[in-house]
file coords13.pdb (PDB, C-alpha atoms)
ATOM      1  CA  MET A   1       0.000   0.000   0.000
ATOM      2  CA  PRO A   2       1.207   3.560  -0.666
ATOM      3  CA  GLN A   3       2.367   5.874   2.055
ATOM      4  CA  GLU A   4      -0.351   7.967   3.615
ATOM      5  CA  SER A   5      -0.139  11.687   2.999
ATOM      6  CA  ASN A   6      -2.588  14.565   3.181
ATOM      7  CA  ASN A   7      -0.376  16.929   1.192
ATOM      8  CA  LEU A   8      -1.501  16.802  -2.427
ATOM      9  CA  TYR A   9       1.321  19.115  -3.518
ATOM     10  CA  LYS A  10       4.864  19.566  -2.260
ATOM     11  CA  THR A  11       7.693  21.888  -3.334
ATOM     12  CA  ILE A  12      11.052  20.139  -3.647
ATOM     13  CA  ASN A  13      14.122  22.191  -4.652
ATOM     14  CA  ASP A  14      11.800  25.020  -5.710
ATOM     15  CA  VAL A  15       9.941  22.693  -8.110
ATOM     16  CA  PRO A  16       6.243  21.883  -7.503
ATOM     17  CA  HIS A  17       5.527  18.161  -7.183
ATOM     18  CA  LEU A  18       2.263  16.199  -7.239
ATOM     19  CA  LEU A  19       1.476  13.133  -5.162
ATOM     20  CA  ASN A  20       0.879   9.828  -6.934
ATOM     21  CA  PRO A  21      -1.440   7.827  -4.643
ATOM     22  CA  SER A  22      -0.490   4.498  -6.223
ATOM     23  CA  ASP A  23       3.075   4.587  -4.886
ATOM     24  CA  GLY A  24       2.979   7.428  -2.343
ATOM     25  CA  GLN A  25       5.711   9.335  -4.191
ATOM     26  CA  TYR A  26       5.839  12.945  -5.376
ATOM     27  CA  TYR A  27       6.682  13.677  -9.005
ATOM     28  CA  PRO A  28       7.661  16.986 -10.662
ATOM     29  CA  ILE A  29       4.941  18.876 -12.503
ATOM     30  CA  LEU A  30       5.581  19.781 -16.132
ATOM     31  CA  ASP A  31       3.292  22.508 -17.447
ATOM     32  CA  GLU A  32       2.228  21.354 -20.909
ATOM     33  CA  ARG A  33      -1.024  23.283 -21.209
ATOM     34  CA  LYS A  34       0.126  25.314 -24.206
ATOM     35  CA  ARG A  35       1.441  22.287 -26.088
ATOM     36  CA  PHE A  36      -1.738  20.338 -25.568
ATOM     37  CA  ALA A  37      -3.934  23.344 -26.344
ATOM     38  CA  ASP A  38      -2.081  23.742 -29.655
ATOM     39  CA  SER A  39      -2.365  20.033 -30.520
ATOM     40  CA  GLY A  40      -5.758  19.293 -29.003
ATOM     41  CA  ALA A  41      -8.006  21.119 -31.429
ATOM     42  CA  SER A  42     -11.397  19.608 -32.019
ATOM     43  CA  ASP A  43     -10.509  18.595 -35.591
ATOM     44  CA  CYS A  44      -9.653  15.065 -34.423
ATOM     45  CA  ALA A  45     -13.155  14.623 -33.028
ATOM     46  CA  THR A  46     -15.262  12.707 -35.532
ATOM     47  CA  PRO A  47     -18.878  13.533 -36.410
ATOM     48  CA  GLU A  48     -19.853  10.430 -34.423
ATOM     49  CA  VAL A  49     -18.185  11.831 -31.317
ATOM     50  CA  ALA A  50     -19.948  15.166 -31.781
ATOM     51  CA  GLU A  51     -23.228  13.278 -32.067
ATOM     52  CA  PHE A  52     -22.405  11.348 -28.907
ATOM     53  CA  GLU A  53     -21.840  14.605 -27.025
ATOM     54  CA  LYS A  54     -25.273  15.826 -28.144
ATOM     55  CA  GLU A  55     -26.793  12.599 -26.875
ATOM     56  CA  PHE A  56     -25.007  13.010 -23.565
ATOM     57  CA  ASP A  57     -26.243  16.607 -23.204
ATOM     58  CA  ALA A  58     -29.779  15.464 -23.993
ATOM     59  CA  LEU A  59     -29.492  12.816 -21.290
ATOM     60  CA  ALA A  60     -28.454  15.429 -18.734
ATOM     61  CA  ALA A  61     -31.298  17.730 -19.775
ATOM     62  CA  SER A  62     -33.874  14.943 -19.577
ATOM     63  CA  GLY A  63     -33.404  14.383 -15.861
ATOM     64  CA  LYS A  64     -32.496  10.720 -16.369
ATOM     65  CA  LYS A  65     -29.576   9.433 -14.332
ATOM     66  CA  GLU A  66     -26.409   8.290 -16.079
ATOM     67  CA  ALA A  67     -26.307   5.347 -13.660
ATOM     68  CA  ASP A  68     -29.571   4.073 -15.164
ATOM     69  CA  LEU A  69     -28.171   4.081 -18.705
ATOM     70  CA  CYS A  70     -24.532   3.069 -18.272
ATOM     71  CA  ARG A  71     -23.319  -0.281 -19.527
ATOM     72  CA  TYR A  72     -21.379  -0.893 -16.323
ATOM     73  CA  GLY A  73     -19.795   1.337 -13.713
ATOM     74  CA  ILE A  74     -19.220   2.591 -10.216
ATOM     75  CA  PHE A  75     -21.250   5.497  -8.864
ATOM     76  CA  TYR A  76     -20.861   7.381  -5.599
ATOM     77  CA  LYS A  77     -23.402   6.781  -2.863
ATOM     78  CA  ASP A  78     -25.615   9.676  -1.798
ATOM     79  CA  SER A  79     -23.778   9.924   1.509
ATOM     80  CA  TYR A  80     -20.404  10.367  -0.229
ATOM     81  CA  GLN A  81     -21.263  12.491  -3.297
ATOM     82  CA  HIS A  82     -21.177  15.736  -1.317
ATOM     83  CA  ASN A  83     -18.635  14.741   1.320
ATOM     84  CA  PHE A  84     -16.172  17.522   0.475
ATOM     85  CA  ARG A  85     -16.081  21.234   1.239
ATOM     86  CA  THR A  86     -13.330  23.080  -0.641
ATOM     87  CA  GLY A  87     -11.897  20.473  -3.000
ATOM     88  CA  THR A  88     -12.078  16.968  -4.433
ATOM     89  CA  VAL A  89      -9.782  14.776  -6.553
ATOM     90  CA  VAL A  90     -10.079  11.498  -8.441
ATOM     91  CA  ALA A  91      -6.977   9.619  -9.565
ATOM     92  CA  THR A  92      -7.223   6.414 -11.596
ATOM     93  CA  ASP A  93      -5.596   4.247 -14.257
ATOM     94  CA  ILE A  94      -7.793   4.002 -17.353
ATOM     95  CA  ILE A  95      -7.440   0.571 -18.973
ATOM     96  CA  CYS A  96      -7.420   1.414 -22.679
ATOM     97  CA  PRO A  97      -6.513  -1.177 -25.314
ATOM     98  CA  GLN A  98      -5.532   0.232 -28.708
ATOM     99  CA  VAL A  99      -8.839  -0.917 -30.225
ATOM    100  CA  ALA A 100     -12.119  -2.012 -28.704
ATOM    101  CA  GLY A 101     -11.880  -5.462 -30.257
ATOM    102  CA  GLY A 102     -14.553  -8.134 -30.156
ATOM    103  CA  ASP A 103     -17.765  -7.364 -32.017
ATOM    104  CA  PHE A 104     -18.156  -3.763 -30.822
ATOM    105  CA  SER A 105     -19.528  -1.544 -33.623
ATOM    106  CA  THR A 106     -20.860   1.751 -32.215
ATOM    107  CA  ILE A 107     -19.491   4.379 -29.761
ATOM    108  CA  MET A 108     -18.384   3.743 -26.202
ATOM    109  CA  LEU A 109     -17.220   6.113 -23.457
ATOM    110  CA  LEU A 110     -15.030   5.528 -20.395
ATOM    111  CA  ALA A 111     -15.276   8.398 -17.924
ATOM    112  CA  ALA A 112     -14.160   9.251 -14.384
ATOM    113  CA  GLY A 113     -15.806  11.923 -12.228
ATOM    114  CA  ASN A 114     -14.455  13.555  -9.070
ATOM    115  CA  ARG A 115     -17.886  14.455  -7.538
ATOM    116  CA  ALA A 116     -17.778  18.214  -8.253
ATOM    117  CA  SER A 117     -20.570  19.096 -10.658
ATOM    118  CA  LYS A 118     -18.379  21.645 -12.499
ATOM    119  CA  SER A 119     -15.244  19.488 -12.745
ATOM    120  CA  VAL A 120     -13.244  18.573 -15.831
ATOM    121  CA  MET A 121     -13.979  14.995 -16.850
ATOM    122  CA  PRO A 122     -11.929  12.720 -19.101
ATOM    123  CA  TRP A 123     -13.917  10.986 -21.837
ATOM    124  CA  LEU A 124     -11.987   8.144 -23.455
ATOM    125  CA  MET A 125     -14.102   7.252 -26.480
ATOM    126  CA  TYR A 126     -13.937   4.253 -28.776
ATOM    127  CA  VAL A 127     -15.493   4.765 -32.207
ATOM    128  CA  ARG A 128     -16.221   1.299 -33.551
ATOM    129  CA  GLN A 129     -12.854  -0.406 -34.274
ATOM    130  CA  ALA A 130     -10.994   2.799 -35.210
ATOM    131  CA  GLY A 131      -9.206   3.156 -31.887
ATOM    132  CA  TYR A 132      -9.919   5.786 -29.261
ATOM    133  CA  ILE A 133      -9.918   9.531 -28.678
ATOM    134  CA  LEU A 134      -9.265  11.157 -25.303
ATOM    135  CA  SER A 135     -11.500  14.189 -24.844
ATOM    136  CA  LEU A 136     -11.737  16.533 -21.872
ATOM    137  CA  ARG A 137     -15.165  17.894 -21.041
ATOM    138  CA  ASP A 138     -15.201  20.904 -18.725
ATOM    139  CA  GLN A 139     -18.502  20.786 -16.878
ATOM    140  CA  SER A 140     -18.059  24.412 -15.714
ATOM    141  CA  ILE A 141     -18.611  25.512 -19.325
ATOM    142  CA  SER A 142     -20.532  22.413 -20.485
ATOM    143  CA  LYS A 143     -18.415  21.588 -23.501
ATOM    144  CA  MET A 144     -15.442  19.666 -24.841
ATOM    145  CA  VAL A 145     -12.198  21.603 -24.532
ATOM    146  CA  LEU A 146      -9.517  19.193 -25.857
ATOM    147  CA  ASN A 147      -9.418  16.094 -28.067
ATOM    148  CA  PHE A 148      -6.420  13.823 -28.655
ATOM    149  CA  ASN A 149      -5.795  10.822 -30.853
ATOM    150  CA  ALA A 150      -4.059   7.847 -29.243
ATOM    151  CA  SER A 151      -0.833   8.679 -31.103
ATOM    152  CA  THR A 152      -0.557  11.922 -29.090
ATOM    153  CA  LEU A 153      -0.550   9.972 -25.840
ATOM    154  CA  GLN A 154       2.348   7.571 -26.393
ATOM    155  CA  ASP A 155       4.504   9.022 -23.580
ATOM    156  CA  TYR A 156       1.569   8.641 -21.157
ATOM    157  CA  LEU A 157       0.756   4.997 -21.838
ATOM    158  CA  THR A 158       2.325   2.092 -20.017
ATOM    159  CA  GLU A 159       1.754  -1.623 -19.518
ATOM    160  CA  LYS A 160       0.493  -2.797 -16.138
ATOM    161  CA  GLN A 161       0.105  -6.288 -14.748
ATOM    162  CA  ILE A 162      -3.315  -6.885 -13.187
ATOM    163  CA  GLU A 163      -4.034 -10.389 -11.935
ATOM    164  CA  GLY A 164      -1.394 -11.838 -14.234
ATOM    165  CA  THR A 165      -2.606 -10.105 -17.395
ATOM    166  CA  THR A 166      -0.914  -7.174 -19.116
ATOM    167  CA  HIS A 167      -3.101  -4.125 -19.742
ATOM    168  CA  GLN A 168      -2.326  -0.789 -21.372
ATOM    169  CA  VAL A 169      -3.200   2.068 -18.979
ATOM    170  CA  LEU A 170      -3.327   5.855 -18.880
ATOM    171  CA  SER A 171      -2.854   7.396 -15.397
ATOM    172  CA  ILE A 172      -4.841  10.600 -14.743
ATOM    173  CA  GLN A 173      -5.835  13.001 -11.984
ATOM    174  CA  SER A 174      -8.850  15.325 -12.173
ATOM    175  CA  GLN A 175      -8.850  18.017  -9.477
ATOM    176  CA  THR A 176     -11.400  20.651  -8.489
ATOM    177  CA  PHE A 177     -10.791  22.999  -5.562
ATOM    178  CA  LEU A 178     -11.129  26.530  -4.262
ATOM    179  CA  LYS A 179      -8.008  28.572  -4.972
ATOM    180  CA  ASP A 180      -8.285  30.252  -1.572
ATOM    181  CA  PRO A 181     -10.557  28.497   0.969
ATOM    182  CA  ALA A 182     -10.502  31.591   3.207
ATOM    183  CA  GLN A 183     -11.848  33.833   0.444
ATOM    184  CA  GLY A 184     -14.089  31.363  -1.390
ATOM    185  CA  GLY A 185     -15.881  31.731  -4.704
ATOM    186  CA  GLN A 186     -12.992  31.142  -7.152
ATOM    187  CA  TRP A 187     -12.649  27.482  -8.152
ATOM    188  CA  ILE A 188     -10.097  25.851 -10.433
ATOM    189  CA  ASN A 189     -10.225  22.664 -12.510
ATOM    190  CA  LEU A 190      -6.907  20.932 -13.171
ATOM    191  CA  PHE A 191      -6.259  17.829 -15.247
ATOM    192  CA  TYR A 192      -3.001  15.855 -15.100
ATOM    193  CA  MET A 193      -1.628  12.813 -16.920
ATOM    194  CA  TYR A 194       1.425  10.884 -15.779
ATOM    195  CA  ASN A 195       4.278  10.977 -18.307
ATOM    196  CA  HIS A 196       6.080   7.642 -18.072
ATOM    197  CA  LYS A 197       8.867   8.714 -20.438
ATOM    198  CA  LYS A 198       9.895  11.716 -18.298
ATOM    199  CA  ASN A 199       8.633  10.482 -14.897
ATOM    200  CA  VAL A 200       6.618  13.658 -14.338
ATOM    201  CA  TYR A 201       3.003  14.697 -14.057
ATOM    202  CA  SER A 202       2.014  16.780 -17.072
ATOM    203  CA  LEU A 203      -0.491  19.543 -16.406
ATOM    204  CA  ILE A 204      -2.727  19.284 -19.471
ATOM    205  CA  TYR A 205      -5.573  21.683 -18.767
ATOM    206  CA  SER A 206      -6.778  24.265 -16.255
ATOM    207  CA  ASN A 207      -9.752  26.582 -15.934
ATOM    208  CA  GLU A 208     -10.814  29.046 -13.240
ATOM    209  CA  TYR A 209     -14.424  30.075 -12.635
ATOM    210  CA  LYS A 210     -16.811  31.463 -10.056
ATOM    211  CA  ALA A 211     -19.103  29.074  -8.182
ATOM    212  CA  SER A 212     -20.507  28.469  -4.738
ATOM    213  CA  GLU A 213     -20.025  25.287  -2.762
ATOM    214  CA  ASP A 214     -23.706  24.499  -3.262
ATOM    215  CA  GLU A 215     -23.330  24.831  -7.045
ATOM    216  CA  GLN A 216     -20.559  22.214  -6.946
ATOM    217  CA  LYS A 217     -22.955  19.769  -5.276
ATOM    218  CA  VAL A 218     -25.981  19.970  -7.571
ATOM    219  CA  GLY A 219     -26.885  17.558 -10.349
ATOM    220  CA  ASP A 220     -26.418  13.978 -11.444
ATOM    221  CA  GLU A 221     -22.746  14.641 -12.254
ATOM    222  CA  CYS A 222     -21.914  14.453  -8.527
ATOM    223  CA  SER A 223     -22.683  10.717  -8.554
ATOM    224  CA  TRP A 224     -20.494   9.823 -11.544
ATOM    225  CA  GLY A 225     -17.530   7.651 -10.612
ATOM    226  CA  THR A 226     -15.776   5.355 -13.105
ATOM    227  CA  PHE A 227     -18.157   4.006 -15.714
ATOM    228  CA  VAL A 228     -18.580   2.712 -19.257
ATOM    229  CA  HIS A 229     -21.405   4.124 -21.377
ATOM    230  CA  ALA A 230     -22.269   2.807 -24.859
ATOM    231  CA  VAL A 231     -24.697   4.067 -27.485
ATOM    232  CA  SER A 232     -25.859   0.516 -28.160
ATOM    233  CA  ILE A 233     -27.816  -1.242 -25.430
ATOM    234  CA  HIS A 234     -27.185  -4.617 -27.117
ATOM    235  CA  SER A 235     -24.695  -7.086 -25.707
ATOM    236  CA  PHE A 236     -21.209  -7.019 -27.226
ATOM    237  CA  ARG A 237     -17.692  -8.244 -26.514
ATOM    238  CA  THR A 238     -14.485  -6.188 -26.375
ATOM    239  CA  ASN A 239     -10.901  -6.366 -25.284
ATOM    240  CA  PRO A 240     -10.679  -5.788 -21.495
ATOM    241  CA  LEU A 241     -11.239  -2.105 -20.722
ATOM    242  CA  GLY A 242     -12.106  -0.185 -17.574
ATOM    243  CA  PHE A 243     -10.237   1.248 -14.574
ATOM    244  CA  ASP A 244      -7.771   0.253 -11.874
ATOM    245  CA  ASN A 245      -6.586   1.778  -8.588
ATOM    246  CA  THR A 246      -9.229   4.511  -8.334
ATOM    247  CA  TYR A 247      -8.398   6.872  -5.467
ATOM    248  CA  LEU A 248     -10.348   9.795  -4.016
ATOM    249  CA  GLN A 249      -9.286  12.713  -1.849
ATOM    250  CA  GLU A 250     -11.276  15.585  -0.372
ATOM    251  CA  ARG A 251     -10.466  18.936   1.246
ATOM    252  CA  ASP A 252     -12.277  20.360   4.290
ATOM    253  CA  GLU A 253     -13.427  23.890   5.092
ATOM    254  CA  GLN A 254      -9.988  24.719   6.517
ATOM    255  CA  GLY A 255      -8.260  23.756   3.268
ATOM    256  CA  VAL A 256      -6.811  20.510   4.666
ATOM    257  CA  TRP A 257      -6.706  17.530   2.314
ATOM    258  CA  SER A 258      -7.637  14.067   3.543
ATOM    259  CA  ASN A 259      -5.444  11.065   2.822
ATOM    260  CA  PHE A 260      -5.962   9.506  -0.587
ATOM    261  CA  HIS A 261      -8.196   6.455  -0.208
ATOM    262  CA  LEU A 262      -9.313   3.725  -2.563
ATOM    263  CA  LEU A 263     -12.868   3.760  -3.897
ATOM    264  CA  THR A 264     -14.568   1.138  -1.726
ATOM    265  CA  PRO A 265     -18.091  -0.385  -1.515
ATOM    266  CA  ASP A 266     -19.011   1.626   1.596
ATOM    267  CA  ILE A 267     -18.918   4.864  -0.439
ATOM    268  CA  SER A 268     -19.905   3.599  -3.897
ATOM    269  CA  ASP A 269     -22.271   1.256  -5.721
ATOM    270  CA  LYS A 270     -21.985  -0.916  -8.833
ATOM    271  CA  HIS A 271     -24.482  -0.293 -11.640
ATOM    272  CA  GLN A 272     -25.277  -2.257 -14.770
ATOM    273  CA  TYR A 273     -27.709  -1.632 -17.604
ATOM    274  CA  PRO A 274     -30.671  -3.956 -16.923
ATOM    275  CA  GLY A 275     -30.978  -6.957 -19.189
ATOM    276  CA  VAL A 276     -27.623  -6.440 -20.948
ATOM    277  CA  GLU A 277     -25.011  -9.162 -20.637
ATOM    278  CA  ILE A 278     -21.754  -8.052 -19.010
ATOM    279  CA  ASN A 279     -18.606 -10.135 -18.837
ATOM    280  CA  LEU A 280     -16.086  -8.970 -16.234
ATOM    281  CA  ALA A 281     -12.385  -9.605 -16.831
ATOM    282  CA  PHE A 282     -11.864  -8.672 -13.173
ATOM    283  CA  GLN A 283     -13.560  -6.729 -10.371
ATOM    284  CA  HIS A 284     -11.807  -5.137  -7.381
ATOM    285  CA  PRO A 285     -14.629  -3.701  -5.266
ATOM    286  CA  ASN A 286     -14.933  -0.923  -6.084
ATOM    287  CA  TYR A 287     -11.614   0.616  -7.072
ATOM    288  CA  GLY A 288     -11.126  -1.355 -10.273
ATOM    289  CA  PHE A 289     -12.896  -3.354 -12.958
ATOM    290  CA  ALA A 290     -12.595  -4.315 -16.592
ATOM    291  CA  ILE A 291     -15.338  -5.512 -18.910
ATOM    292  CA  ASN A 292     -14.789  -7.540 -22.055
TER     293      ASN A 292
END
call {"tool": "encode", "arguments": {"input": "coords13.pdb", "output": "structure tokens"}}
result
Amino acid sequence: MPQESNNLYKTINDVPHLLNPSDGQYYPILDERKRFADSGASDCATPEVAEFEKEFDALAASGKKEADLCRYGIFYKDSYQHNFRTGTVVATDIICPQVAGGDFSTIMLLAAGNRASKSVMPWLMYVRQAGYILSLRDQSISKMVLNFNASTLQDYLTEKQIEGTTHQVLSIQSQTFLKDPAQGGQWINLFYMYNHKKNVYSLIYSNEYKASEDEQKVGDECSWGTFVHAVSIHSFRTNPLGFDNTYLQERDEQGVWSNFHLLTPDISDKHQYPGVEINLAFQHPNYGFAIN
């Protein structure tokens, strides 16, 4: 198990470092926002992905819960959704094979939420058998802000052994917190990916905005954990895909971060689309799973 720490950030030799909950170590932060902004234009998003985003927006507007329509996933319990005051973080490894595989033929989304309704959320989307696109959706402005083809992410992908099987993973952190807990009002969304080539955390995206604590705790988005959503409700097979080592952290009214902790059954629930066959490659309640 990793070392316990309630310091999300630490300055070492005048360089800001970010805590990796999987190994308890701090890694330098490399600011790559400009590079990714320049390379992450929406031109790599296909018409199918744009259509999927419209469908997702319609779902949110309809009042239906994502948990009721997801293929399979983990959602936060009511008692835990709002159990933060001035900040919340999710860190996880997204299991992302190069192609969906199997007989999958529509659009599928892997997403991870940090409980704040205005957070930035990674959407890793498979479009049939054409590979995947990583998109970032900033809920504070209700739109996609960056899109990347898999080729852009080579330095961020690594192979990980899970129960004796090798999986390709992408390690991310999505953070939402008040810039100054004493002042309040000004929140910031930050999105990081771990760069395995340089052994650093790359800061990919940030956005500041005004919101109240109550506004961060309204809506279905607060319940979204790690889940797989597909356009088709029919049964299908894929290569194993999902999440592993999902950690959460929250900050109190004094600006003190809790220890990172794994996503466990006492604070989350498993959901599955009714009547649709699901085959699990593995399940680690509730911090990891892969469907295939």
call {"tool": "resolve_selection", "arguments": {"input": "coords13.pdb", "expression": "the PyMOL selection byres ((chain A and resi 97) around 12)", "output": "PyMOL selection string"}}
result
chain A and resi 94-96+98-102+110+124-126+129-133+150+157-160+166-170+238-243+290-292
call {"tool": "residues_near_point", "arguments": {"input": "coords13.pdb", "point": "(-19.6, 15.4, -5.6)", "cutoff": "12 Å", "atoms": "only C-alpha atoms", "output": "PDB file with C-alpha atoms, keeping the file's coordinate frame"}}
result
ATOM      1  CA  PHE A  75     -21.250   5.497  -8.864  1.00  0.00           C
ATOM      2  CA  TYR A  76     -20.861   7.381  -5.599  1.00  0.00           C
ATOM      3  CA  LYS A  77     -23.402   6.781  -2.863  1.00  0.00           C
ATOM      4  CA  ASP A  78     -25.615   9.676  -1.798  1.00  0.00           C
ATOM      5  CA  SER A  79     -23.778   9.924   1.509  1.00  0.00           C
ATOM      6  CA  TYR A  80     -20.404  10.367  -0.229  1.00  0.00           C
ATOM      7  CA  GLN A  81     -21.263  12.491  -3.297  1.00  0.00           C
ATOM      8  CA  HIS A  82     -21.177  15.736  -1.317  1.00  0.00           C
ATOM      9  CA  ASN A  83     -18.635  14.741   1.320  1.00  0.00           C
ATOM     10  CA  PHE A  84     -16.172  17.522   0.475  1.00  0.00           C
ATOM     11  CA  ARG A  85     -16.081  21.234   1.239  1.00  0.00           C
ATOM     12  CA  THR A  86     -13.330  23.080  -0.641  1.00  0.00           C
ATOM     13  CA  GLY A  87     -11.897  20.473  -3.000  1.00  0.00           C
ATOM     14  CA  THR A  88     -12.078  16.968  -4.433  1.00  0.00           C
ATOM     15  CA  VAL A  89      -9.782  14.776  -6.553  1.00  0.00           C
ATOM     16  CA  VAL A  90     -10.079  11.498  -8.441  1.00  0.00           C
ATOM     17  CA  GLY A 113     -15.806  11.923 -12.228  1.00  0.00           C
ATOM     18  CA  ASN A 114     -14.455  13.555  -9.070  1.00  0.00           C
ATOM     19  CA  ARG A 115     -17.886  14.455  -7.538  1.00  0.00           C
ATOM     20  CA  ALA A 116     -17.778  18.214  -8.253  1.00  0.00           C
ATOM     21  CA  SER A 117     -20.570  19.096 -10.658  1.00  0.00           C
ATOM     22  CA  LYS A 118     -18.379  21.645 -12.499  1.00  0.00           C
ATOM     23  CA  SER A 119     -15.244  19.488 -12.745  1.00  0.00           C
ATOM     24  CA  GLN A 175      -8.850  18.017  -9.477  1.00  0.00           C
ATOM     25  CA  THR A 176     -11.400  20.651  -8.489  1.00  0.00           C
ATOM     26  CA  PHE A 177     -10.791  22.999  -5.562  1.00  0.00           C
ATOM     27  CA  GLU A 213     -20.025  25.287  -2.762  1.00  0.00           C
ATOM     28  CA  ASP A 214     -23.706  24.499  -3.262  1.00  0.00           C
ATOM     29  CA  GLU A 215     -23.330  24.831  -7.045  1.00  0.00           C
ATOM     30  CA  GLN A 216     -20.559  22.214  -6.946  1.00  0.00           C
ATOM     31  CA  LYS A 217     -22.955  19.769  -5.276  1.00  0.00           C
ATOM     32  CA  VAL A 218     -25.981  19.970  -7.571  1.00  0.00           C
ATOM     33  CA  GLY A 219     -26.885  17.558 -10.349  1.00  0.00           C
ATOM     34  CA  ASP A 220     -26.418  13.978 -11.444  1.00  0.00           C
ATOM     35  CA  GLU A 221     -22.746  14.641 -12.254  1.00  0.00           C
ATOM     36  CA  CYS A 222     -21.914  14.453  -8.527  1.00  0.00           C
ATOM     37  CA  SER A 223     -22.683  10.717  -8.554  1.00  0.00           C
ATOM     38  CA  TRP A 224     -20.494   9.823 -11.544  1.00  0.00           C
ATOM     39  CA  GLY A 225     -17.530   7.651 -10.612  1.00  0.00           C
ATOM     40  CA  LEU A 248     -10.348   9.795  -4.016  1.00  0.00           C
ATOM     41  CA  GLN A 249      -9.286  12.713  -1.849  1.00  0.00           C
ATOM     42  CA  GLU A 250     -11.276  15.585  -0.372  1.00  0.00           C
ATOM     43  CA  ARG A 251     -10.466  18.936   1.246  1.00  0.00           C
ATOM     44  CA  ILE A 267     -18.918   4.864  -0.439  1.00  0.00           C
ATOM     45  CA  SER A 268     -19.905   3.599  -3.897  1.00  0.00           C
TER      46      SER A 268
END
call {"tool": "resolve_selection", "arguments": {"input": "coords13.pdb", "expression": "the PyMOL selection byres ((chain A and resi 123) around 8)", "output": "list in words"}}
result
Leu109, Leu110, Ala111, Ala112, Met121, Pro122, Leu124, Met125, Leu134, Ser135, Leu136 and Arg137 of chain A
call {"tool": "closest_residue", "arguments": {"input": "coords13.pdb", "among": "A:Leu146, A:Ile74, A:Tyr201, A:Val127", "to": "A:Leu263", "atoms": "all atoms listed in the file"}}
result
A:Ile74
call {"tool": "closest_residue", "arguments": {"input": "coords13.pdb", "among": "A:Ser39, A:Gln139, A:Thr264, A:Ser171", "to": "A:Ser151", "atoms": "all atoms listed in the file"}}
result
A:Ser39
call {"tool": "residues_around", "arguments": {"input": "coords13.pdb", "residues": "A:Asp31", "least_positions_apart": "4", "cutoff": "8 Å", "atoms": "all atoms listed in the file", "output": "number ranges by chain"}}
result
A: 202-204
call {"tool": "write_last_selection", "arguments": {"input": "coords13.pdb", "atoms": "C-alpha atoms", "output": "PDB file, in the coordinates of the input"}}
result
ATOM      1  CA  SER A 202       2.014  16.780 -17.072  1.00  0.00           C
ATOM      2  CA  LEU A 203      -0.491  19.543 -16.406  1.00  0.00           C
ATOM      3  CA  ILE A 204      -2.727  19.284 -19.471  1.00  0.00           C
TER       4      ILE A 204
END
call {"tool": "atom_distance", "arguments": {"input": "coords13.pdb", "atom1": "atom CA of A:Leu30", "atom2": "atom CA of A:Asp155"}}
result
13.1 Å
call {"tool": "atom_distance", "arguments": {"input": "coords13.pdb", "atom1": "atom CA of A:Gln183", "atom2": "atom CA of A:Val256"}}
result
14.9 Å
call {"tool": "atom_distance", "arguments": {"input": "coords13.pdb", "atom1": "atom CA of A:Ile29", "atom2": "atom CA of A:Asn147"}}
result
21.4 Å
call {"tool": "closest_residue", "arguments": {"input": "coords13.pdb", "among": "A:His261, A:Lys210, A:His271, A:Arg33", "to": "A:Gly184", "atoms": "all atoms listed in the file"}}
result
A:Lys210
call {"tool": "resolve_selection", "arguments": {"input": "coords13.pdb", "expression": "the PyMOL selection byres ((chain A and resi 246) around 6)", "output": "VMD selection string"}}
result
chain A and resid 91 to 92 244 to 245 247 262 to 263 287
call {"tool": "write_last_selection", "arguments": {"input": "coords13.pdb", "atoms": "C-alpha atoms", "output": "PDB file, in the frame of the given file"}}
result
ATOM      1  CA  ALA A  91      -6.977   9.619  -9.565  1.00  0.00           C
ATOM      2  CA  THR A  92      -7.223   6.414 -11.596  1.00  0.00           C
ATOM      3  CA  ASP A 244      -7.771   0.253 -11.874  1.00  0.00           C
ATOM      4  CA  ASN A 245      -6.586   1.778  -8.588  1.00  0.00           C
ATOM      5  CA  TYR A 247      -8.398   6.872  -5.467  1.00  0.00           C
ATOM      6  CA  LEU A 262      -9.313   3.725  -2.563  1.00  0.00           C
ATOM      7  CA  LEU A 263     -12.868   3.760  -3.897  1.00  0.00           C
ATOM      8  CA  TYR A 287     -11.614   0.616  -7.072  1.00  0.00           C
TER       9      TYR A 287
END
call {"tool": "closest_residue", "arguments": {"input": "coords13.pdb", "among": "A:Asn7, A:Ile141, A:Lys34, A:Glu253", "to": "A:Leu19", "atoms": "only C-alpha atoms"}}
result
A:Asn7
call {"tool": "decode", "arguments": {"input": "coords13.pdb", "residues": "stretch 203-209 of chain A", "atoms": "N, CA and C atoms", "output": "PDB file, in the first residue's frame"}}
result
ATOM      1  N   LEU A 203       0.737  18.760 -16.548  1.00  0.00           N
ATOM      2  CA  LEU A 203      -0.491  19.543 -16.406  1.00  0.00           C
ATOM      3  C   LEU A 203      -1.022  19.813 -17.808  1.00  0.00           C
ATOM      4  N   ILE A 204      -2.171  19.236 -18.116  1.00  0.00           N
ATOM      5  CA  ILE A 204      -2.727  19.284 -19.471  1.00  0.00           C
ATOM      6  C   ILE A 204      -3.702  20.434 -19.658  1.00  0.00           C
ATOM      7  N   TYR A 205      -4.476  20.726 -18.607  1.00  0.00           N
ATOM      8  CA  TYR A 205      -5.573  21.683 -18.767  1.00  0.00           C
ATOM      9  C   TYR A 205      -5.900  22.310 -17.419  1.00  0.00           C
ATOM     10  N   SER A 206      -6.288  23.590 -17.454  1.00  0.00           N
ATOM     11  CA  SER A 206      -6.778  24.265 -16.255  1.00  0.00           C
ATOM     12  C   SER A 206      -7.834  25.281 -16.644  1.00  0.00           C
ATOM     13  N   ASN A 207      -8.727  25.561 -15.706  1.00  0.00           N
ATOM     14  CA  ASN A 207      -9.752  26.582 -15.934  1.00  0.00           C
ATOM     15  C   ASN A 207     -10.238  27.102 -14.587  1.00  0.00           C
ATOM     16  N   GLU A 208     -10.304  28.418 -14.452  1.00  0.00           N
ATOM     17  CA  GLU A 208     -10.814  29.046 -13.240  1.00  0.00           C
ATOM     18  C   GLU A 208     -12.202  29.626 -13.506  1.00  0.00           C
ATOM     19  N   TYR A 209     -13.050  29.596 -12.473  1.00  0.00           N
ATOM     20  CA  TYR A 209     -14.424  30.075 -12.635  1.00  0.00           C
ATOM     21  C   TYR A 209     -15.028  30.360 -11.266  1.00  0.00           C
TER      22      TYR A 209
END
